[in-house]
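Heads up, upload_3.txt below (compact mmCIF, N, CA and C atoms):
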# COMPACT_ATOMS: atom_id res chain seq x y z
N MET A 1082 58.27 95.12 128.89
CA MET A 1082 59.18 94.03 128.70
C MET A 1082 59.40 93.33 130.04
N SER A 1083 59.22 92.07 130.00
CA SER A 1083 59.38 91.30 131.23
C SER A 1083 60.73 90.61 131.26
N TYR A 1084 61.20 90.39 132.47
CA TYR A 1084 62.49 89.71 132.62
C TYR A 1084 62.25 88.40 133.32
N PRO A 1085 62.76 87.35 132.91
CA PRO A 1085 63.43 86.96 131.68
C PRO A 1085 62.45 86.93 130.52
N PRO A 1086 62.98 87.04 129.29
CA PRO A 1086 62.09 87.01 128.12
C PRO A 1086 61.37 85.67 128.03
N PRO A 1087 60.27 85.63 127.30
CA PRO A 1087 59.47 84.40 127.24
C PRO A 1087 60.20 83.23 126.59
N ASP A 1088 61.20 83.48 125.71
CA ASP A 1088 61.88 82.37 125.05
C ASP A 1088 63.18 81.97 125.79
N TYR A 1089 63.32 82.37 127.05
CA TYR A 1089 64.51 82.07 127.85
C TYR A 1089 64.56 80.58 128.18
N ASP A 1090 65.75 79.98 127.92
CA ASP A 1090 65.95 78.56 128.22
C ASP A 1090 67.13 78.45 129.18
N PRO A 1091 66.91 78.13 130.45
CA PRO A 1091 68.02 78.08 131.42
C PRO A 1091 69.05 76.99 131.10
N SER A 1092 68.68 75.99 130.34
CA SER A 1092 69.66 74.94 130.02
C SER A 1092 70.65 75.41 128.94
N ALA A 1093 70.37 76.52 128.26
CA ALA A 1093 71.26 77.02 127.21
C ALA A 1093 72.41 77.87 127.79
N VAL A 1094 72.34 78.24 129.05
CA VAL A 1094 73.40 79.03 129.68
C VAL A 1094 74.60 78.12 129.92
N PRO A 1095 75.82 78.54 129.45
CA PRO A 1095 76.99 77.68 129.65
C PRO A 1095 77.34 77.57 131.13
N SER A 1096 77.85 76.43 131.48
CA SER A 1096 78.22 76.20 132.87
C SER A 1096 79.58 76.83 133.15
N ALA A 1097 79.94 76.88 134.40
CA ALA A 1097 81.24 77.46 134.79
C ALA A 1097 82.38 76.62 134.22
N GLY A 1098 82.19 75.31 134.10
CA GLY A 1098 83.22 74.44 133.54
C GLY A 1098 83.48 74.75 132.07
N ALA A 1099 82.42 75.08 131.33
CA ALA A 1099 82.59 75.43 129.92
C ALA A 1099 83.35 76.74 129.78
N ALA A 1100 83.11 77.69 130.65
CA ALA A 1100 83.82 78.97 130.60
C ALA A 1100 85.30 78.77 130.91
N ARG A 1101 85.60 77.90 131.91
CA ARG A 1101 87.01 77.61 132.23
C ARG A 1101 87.70 76.90 131.07
N ALA A 1102 87.00 75.99 130.40
CA ALA A 1102 87.59 75.29 129.26
C ALA A 1102 87.87 76.27 128.12
N ARG A 1103 86.94 77.20 127.91
CA ARG A 1103 87.16 78.21 126.88
C ARG A 1103 88.37 79.07 127.23
N ASP A 1104 88.49 79.49 128.48
CA ASP A 1104 89.63 80.32 128.90
C ASP A 1104 90.95 79.56 128.76
N ARG A 1105 90.95 78.27 129.11
CA ARG A 1105 92.17 77.47 128.93
C ARG A 1105 92.55 77.37 127.46
N GLY A 1106 91.56 77.17 126.60
CA GLY A 1106 91.82 77.10 125.16
C GLY A 1106 92.38 78.40 124.62
N LEU A 1107 91.79 79.53 125.06
CA LEU A 1107 92.29 80.82 124.62
C LEU A 1107 93.73 81.06 125.11
N THR A 1108 94.03 80.64 126.32
CA THR A 1108 95.39 80.79 126.84
C THR A 1108 96.38 79.95 126.04
N ARG A 1109 95.98 78.73 125.69
CA ARG A 1109 96.87 77.88 124.88
C ARG A 1109 97.08 78.47 123.49
N ILE A 1110 96.03 79.00 122.90
CA ILE A 1110 96.14 79.62 121.57
C ILE A 1110 97.04 80.86 121.64
N ARG A 1111 96.92 81.64 122.72
CA ARG A 1111 97.75 82.82 122.88
C ARG A 1111 99.22 82.42 122.99
N GLY A 1112 99.50 81.36 123.74
CA GLY A 1112 100.88 80.88 123.84
C GLY A 1112 101.40 80.35 122.51
N LEU A 1113 100.55 79.62 121.79
CA LEU A 1113 100.94 79.09 120.49
C LEU A 1113 101.23 80.23 119.51
N THR A 1114 100.43 81.29 119.56
CA THR A 1114 100.66 82.45 118.69
C THR A 1114 102.01 83.09 119.00
N GLY A 1115 102.37 83.17 120.26
CA GLY A 1115 103.68 83.72 120.65
C GLY A 1115 104.81 82.88 120.11
N TRP A 1116 104.70 81.56 120.21
CA TRP A 1116 105.74 80.68 119.69
C TRP A 1116 105.85 80.78 118.17
N ILE A 1117 104.72 80.90 117.49
CA ILE A 1117 104.74 81.03 116.03
C ILE A 1117 105.41 82.34 115.64
N ALA A 1118 105.12 83.42 116.36
CA ALA A 1118 105.75 84.72 116.06
C ALA A 1118 107.25 84.64 116.28
N ALA A 1119 107.68 84.00 117.37
CA ALA A 1119 109.11 83.87 117.65
C ALA A 1119 109.80 83.03 116.57
N ALA A 1120 109.14 81.96 116.13
CA ALA A 1120 109.71 81.12 115.08
C ALA A 1120 109.81 81.88 113.77
N ALA A 1121 108.83 82.73 113.48
CA ALA A 1121 108.87 83.52 112.25
C ALA A 1121 110.02 84.52 112.27
N VAL A 1122 110.26 85.15 113.42
CA VAL A 1122 111.37 86.10 113.54
C VAL A 1122 112.70 85.36 113.40
N ALA A 1123 112.83 84.22 114.06
CA ALA A 1123 114.08 83.45 113.97
C ALA A 1123 114.30 82.94 112.54
N GLY A 1124 113.24 82.49 111.89
CA GLY A 1124 113.37 82.03 110.50
C GLY A 1124 113.76 83.15 109.56
N THR A 1125 113.21 84.34 109.78
CA THR A 1125 113.57 85.48 108.95
C THR A 1125 115.04 85.84 109.13
N ALA A 1126 115.52 85.82 110.37
CA ALA A 1126 116.93 86.12 110.63
C ALA A 1126 117.83 85.05 110.01
N ALA A 1127 117.43 83.79 110.09
CA ALA A 1127 118.24 82.72 109.50
C ALA A 1127 118.29 82.85 107.98
N LEU A 1128 117.16 83.11 107.35
CA LEU A 1128 117.15 83.28 105.90
C LEU A 1128 117.97 84.50 105.48
N GLY A 1129 117.91 85.57 106.26
CA GLY A 1129 118.72 86.74 105.96
C GLY A 1129 120.20 86.43 106.01
N ALA A 1130 120.61 85.64 107.00
CA ALA A 1130 122.02 85.26 107.11
C ALA A 1130 122.43 84.37 105.93
N VAL A 1131 121.57 83.46 105.54
CA VAL A 1131 121.88 82.58 104.41
C VAL A 1131 121.99 83.38 103.12
N TYR A 1132 121.03 84.28 102.89
CA TYR A 1132 121.06 85.08 101.66
C TYR A 1132 122.25 86.02 101.63
N THR A 1133 122.71 86.47 102.79
CA THR A 1133 123.89 87.33 102.83
C THR A 1133 125.10 86.59 102.28
N HIS A 1134 125.22 85.31 102.57
CA HIS A 1134 126.36 84.53 102.09
C HIS A 1134 126.17 84.05 100.66
N VAL A 1135 124.93 83.81 100.24
CA VAL A 1135 124.68 83.20 98.94
C VAL A 1135 124.67 84.23 97.81
N LEU A 1136 124.04 85.37 98.02
CA LEU A 1136 123.89 86.35 96.95
C LEU A 1136 125.23 87.02 96.65
N PRO A 1137 125.47 87.36 95.38
CA PRO A 1137 126.72 88.02 95.03
C PRO A 1137 126.79 89.40 95.68
N GLY A 1138 127.97 89.75 96.14
CA GLY A 1138 128.18 91.03 96.77
C GLY A 1138 127.89 91.02 98.25
N GLY A 1139 127.31 89.96 98.75
CA GLY A 1139 127.02 89.88 100.17
C GLY A 1139 128.26 89.44 100.94
N SER A 1140 128.39 89.96 102.13
CA SER A 1140 129.54 89.60 102.94
C SER A 1140 129.14 89.68 104.39
N ALA A 1141 129.53 88.70 105.15
CA ALA A 1141 129.25 88.73 106.58
C ALA A 1141 130.39 89.39 107.33
N SER A 1142 131.55 89.60 106.69
CA SER A 1142 132.66 90.23 107.37
C SER A 1142 132.48 91.73 107.36
N PRO A 1143 132.85 92.40 108.45
CA PRO A 1143 132.66 93.84 108.52
C PRO A 1143 133.61 94.56 107.57
N ALA A 1144 133.20 95.75 107.14
CA ALA A 1144 134.02 96.57 106.25
C ALA A 1144 135.21 97.11 107.03
N PRO A 1145 136.34 97.35 106.35
CA PRO A 1145 137.49 97.88 107.06
C PRO A 1145 137.17 99.27 107.60
N ALA A 1146 137.67 99.56 108.78
CA ALA A 1146 137.40 100.84 109.42
C ALA A 1146 138.36 101.90 108.91
N GLY A 1147 137.83 103.09 108.70
CA GLY A 1147 138.67 104.21 108.32
C GLY A 1147 138.96 104.25 106.84
N PRO A 1148 139.30 105.45 106.32
CA PRO A 1148 139.63 105.58 104.90
C PRO A 1148 141.02 105.04 104.62
N THR A 1149 141.20 104.55 103.42
CA THR A 1149 142.52 104.06 103.02
C THR A 1149 143.19 105.11 102.16
N ALA A 1150 144.50 105.12 102.14
CA ALA A 1150 145.25 106.09 101.34
C ALA A 1150 145.06 105.76 99.87
N HIS A 1151 144.92 106.79 99.04
CA HIS A 1151 144.70 106.59 97.61
C HIS A 1151 146.03 106.70 96.88
N ASN A 1152 146.40 105.61 96.20
CA ASN A 1152 147.64 105.59 95.42
C ASN A 1152 147.26 105.13 94.02
N PRO A 1153 147.18 106.06 93.03
CA PRO A 1153 146.74 105.66 91.69
C PRO A 1153 147.69 104.70 91.00
N ALA A 1154 148.97 104.66 91.40
CA ALA A 1154 149.92 103.78 90.73
C ALA A 1154 149.71 102.32 91.14
N ALA A 1155 149.25 102.09 92.36
CA ALA A 1155 149.06 100.73 92.85
C ALA A 1155 147.59 100.34 92.68
N PRO A 1156 147.33 99.09 92.33
CA PRO A 1156 145.93 98.66 92.22
C PRO A 1156 145.28 98.68 93.59
N SER A 1157 144.00 98.96 93.61
CA SER A 1157 143.30 99.01 94.88
C SER A 1157 143.23 97.60 95.47
N SER A 1158 143.14 97.55 96.80
CA SER A 1158 143.14 96.25 97.46
C SER A 1158 141.89 95.45 97.12
N SER A 1159 140.76 96.13 96.91
CA SER A 1159 139.55 95.38 96.57
C SER A 1159 139.62 94.83 95.15
N ALA A 1160 140.26 95.56 94.23
CA ALA A 1160 140.39 95.06 92.86
C ALA A 1160 141.38 93.91 92.81
N ALA A 1161 142.41 93.95 93.67
CA ALA A 1161 143.42 92.90 93.66
C ALA A 1161 142.89 91.61 94.27
N THR A 1162 141.99 91.72 95.22
CA THR A 1162 141.48 90.51 95.90
C THR A 1162 140.16 90.04 95.33
N HIS A 1163 139.63 90.71 94.32
CA HIS A 1163 138.32 90.34 93.79
C HIS A 1163 138.32 88.97 93.15
N ARG A 1164 139.33 88.61 92.42
CA ARG A 1164 139.35 87.35 91.69
C ARG A 1164 140.31 86.33 92.28
N THR A 1165 140.72 86.48 93.52
CA THR A 1165 141.62 85.50 94.10
C THR A 1165 140.83 84.29 94.52
N GLY A 1166 141.49 83.16 94.64
CA GLY A 1166 140.82 81.93 95.05
C GLY A 1166 140.46 81.06 93.89
N GLY A 1167 140.31 81.61 92.71
CA GLY A 1167 140.07 80.84 91.50
C GLY A 1167 138.77 80.07 91.49
N ASP A 1168 137.75 80.56 92.20
CA ASP A 1168 136.49 79.82 92.16
C ASP A 1168 135.74 80.19 90.90
N ASP A 1169 135.57 79.22 90.03
CA ASP A 1169 134.83 79.42 88.79
C ASP A 1169 133.47 78.79 89.00
N ASP A 1170 132.48 79.63 89.26
CA ASP A 1170 131.17 79.09 89.57
C ASP A 1170 130.29 78.93 88.35
N GLY A 1171 130.87 78.97 87.17
CA GLY A 1171 130.13 78.65 85.96
C GLY A 1171 129.29 79.80 85.44
N GLU A 1172 129.44 81.00 85.96
CA GLU A 1172 128.66 82.12 85.45
C GLU A 1172 129.27 82.58 84.13
N GLU A 1173 128.40 82.76 83.15
CA GLU A 1173 128.89 83.21 81.85
C GLU A 1173 128.81 84.73 81.78
N GLY A 1174 129.67 85.32 80.98
CA GLY A 1174 129.62 86.74 80.75
C GLY A 1174 130.45 87.56 81.71
N ASP A 1175 131.01 86.95 82.77
CA ASP A 1175 131.81 87.73 83.69
C ASP A 1175 133.30 87.44 83.54
N ASP A 1176 133.70 86.72 82.51
CA ASP A 1176 135.11 86.42 82.30
C ASP A 1176 135.77 87.62 81.64
N ASP A 1177 136.74 88.20 82.33
CA ASP A 1177 137.40 89.37 81.78
C ASP A 1177 138.71 89.01 81.10
N GLY A 1178 138.98 87.75 80.90
CA GLY A 1178 140.17 87.30 80.19
C GLY A 1178 141.46 87.62 80.92
N GLY A 1179 141.40 87.80 82.22
CA GLY A 1179 142.59 88.08 83.00
C GLY A 1179 142.95 89.56 83.03
N ALA A 1180 142.28 90.42 82.26
CA ALA A 1180 142.58 91.84 82.26
C ALA A 1180 141.97 92.49 83.49
N ARG A 1181 142.72 93.38 84.09
CA ARG A 1181 142.25 94.08 85.29
C ARG A 1181 141.56 95.38 84.90
N GLN A 1182 140.52 95.71 85.62
CA GLN A 1182 139.85 96.98 85.44
C GLN A 1182 140.74 98.07 86.03
N PRO A 1183 140.84 99.25 85.40
CA PRO A 1183 141.65 100.31 85.99
C PRO A 1183 141.00 100.80 87.28
N ALA A 1184 141.84 101.18 88.23
CA ALA A 1184 141.34 101.68 89.51
C ALA A 1184 140.67 103.03 89.31
N LEU A 1185 139.71 103.35 90.15
CA LEU A 1185 139.04 104.63 90.07
C LEU A 1185 140.02 105.73 90.46
N GLN A 1186 139.93 106.84 89.76
CA GLN A 1186 140.81 107.98 90.05
C GLN A 1186 139.96 109.21 90.26
N SER A 1187 140.46 110.12 91.08
CA SER A 1187 139.74 111.37 91.30
C SER A 1187 139.93 112.28 90.09
N PRO A 1188 139.01 113.20 89.84
CA PRO A 1188 139.14 114.10 88.69
C PRO A 1188 140.32 115.05 88.88
N ALA A 1189 140.82 115.57 87.75
CA ALA A 1189 141.97 116.48 87.80
C ALA A 1189 141.58 117.80 88.47
N GLN A 1190 140.34 118.24 88.27
CA GLN A 1190 139.88 119.49 88.86
C GLN A 1190 138.53 119.23 89.52
N ALA A 1191 138.35 119.81 90.70
CA ALA A 1191 137.10 119.63 91.42
C ALA A 1191 135.98 120.36 90.69
N PRO A 1192 134.75 119.89 90.78
CA PRO A 1192 133.63 120.57 90.13
C PRO A 1192 133.42 121.97 90.71
N THR A 1193 133.03 122.90 89.86
CA THR A 1193 132.79 124.27 90.31
C THR A 1193 131.31 124.57 90.16
N PRO A 1194 130.77 125.41 91.04
CA PRO A 1194 129.35 125.76 90.93
C PRO A 1194 129.11 126.66 89.73
N THR A 1195 127.91 126.59 89.17
CA THR A 1195 127.56 127.42 88.01
C THR A 1195 126.58 128.50 88.44
N GLN A 1196 126.45 129.52 87.61
CA GLN A 1196 125.54 130.62 87.89
C GLN A 1196 124.25 130.50 87.07
N GLN A 1197 124.09 129.42 86.34
CA GLN A 1197 122.89 129.23 85.51
C GLN A 1197 121.71 128.82 86.37
N GLN A 1198 120.54 129.22 85.90
CA GLN A 1198 119.31 128.78 86.55
C GLN A 1198 119.05 127.33 86.16
N PRO A 1199 118.54 126.51 87.07
CA PRO A 1199 118.24 125.12 86.72
C PRO A 1199 117.11 125.04 85.71
N GLN A 1200 117.20 124.09 84.80
CA GLN A 1200 116.16 123.87 83.81
C GLN A 1200 115.21 122.80 84.31
N THR A 1201 113.94 123.06 84.09
CA THR A 1201 112.92 122.08 84.50
C THR A 1201 112.06 121.79 83.29
N THR A 1202 111.89 120.51 83.00
CA THR A 1202 111.04 120.09 81.91
C THR A 1202 109.94 119.23 82.49
N THR A 1203 108.71 119.59 82.19
CA THR A 1203 107.60 118.79 82.68
C THR A 1203 107.04 117.95 81.55
N GLY A 1204 106.26 116.99 81.88
CA GLY A 1204 105.65 116.14 80.88
C GLY A 1204 104.35 116.70 80.33
N ALA A 1205 103.95 117.87 80.83
CA ALA A 1205 102.69 118.46 80.37
C ALA A 1205 102.85 118.98 78.94
N SER A 1206 101.78 118.95 78.19
CA SER A 1206 101.86 119.46 76.82
C SER A 1206 101.10 120.74 76.66

As a first step, turn the structure in this file into structure tokens.
Amino acid sequence: MSYPPPDYDPSAVPSAGAARARDRGLTRIRGLTGWIAAAAVAGTAALGAVYTHVLPGGSASPAPAGPTAHNPAAPSSSAATHRTGGDDDGEEGDDDGGARQPALQSPAQAPTPTQQQPQTTTGAS
């Protein structure tokens, strides 16, 4: 094998200017990719914030810290403030006719462990 090969064309070798132009293009594309990634992260965070406010049950306010005292005679604070403000957003099926749901209560007796073996049923026949 001889060097250079017989089909070698010296005019086909890229010049130094072409290599610099390619490197500049790659650098610009790399920077553009970084900006696109940053915009995607910012857009995701913005959509998450919007959906937090729009979807039912979402809240941007932090939950109250610490446990609250349980008083079965008084309605819970979350049940009392659930329907305040009178915003009727036109959803059907959620009208309770002004009746309040009873507050959750703890059971009269705590659950006790059993001595039975657990039952397992498989789908095999």

Check: Quick one: distance from atom N of Ser1096 of chain A to atom CA of Thr1114 of chain A in Å, one decimal?
Finding: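 Answer for the atom N of Ser1096 of chain A to atom CA of Thr1114 of chain A separation: 26.8 Å.
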
Using the file's own x, y and z axes, what box holds all listed atoms of segment 1108-1117 of chain A with 8 Å on each side, keeping edges along x, y and z, and what are its centre and edge lengths in Å to one decimal, as JSON?
{"center_x": 99.9, "center_y": 80.8, "center_z": 121.2, "size_x": 27.8, "size_y": 21.8, "size_z": 27.2}

Note to self: Report, in Å with one decimal, the straight-line distance from atom CA of Gly1098 of chain A to atom CA of Ile1110 of chain A.
What the structure shows: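 Atom CA of Ile1110 of chain A lies at a distance of 18.4 Å from atom CA of Gly1098 of chain A.
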
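Atom pair atom CA of Asp1104 of chain A / atom CA of Tyr1084 of chain A has a distance of 29.0 Å (rounded to one decimal).
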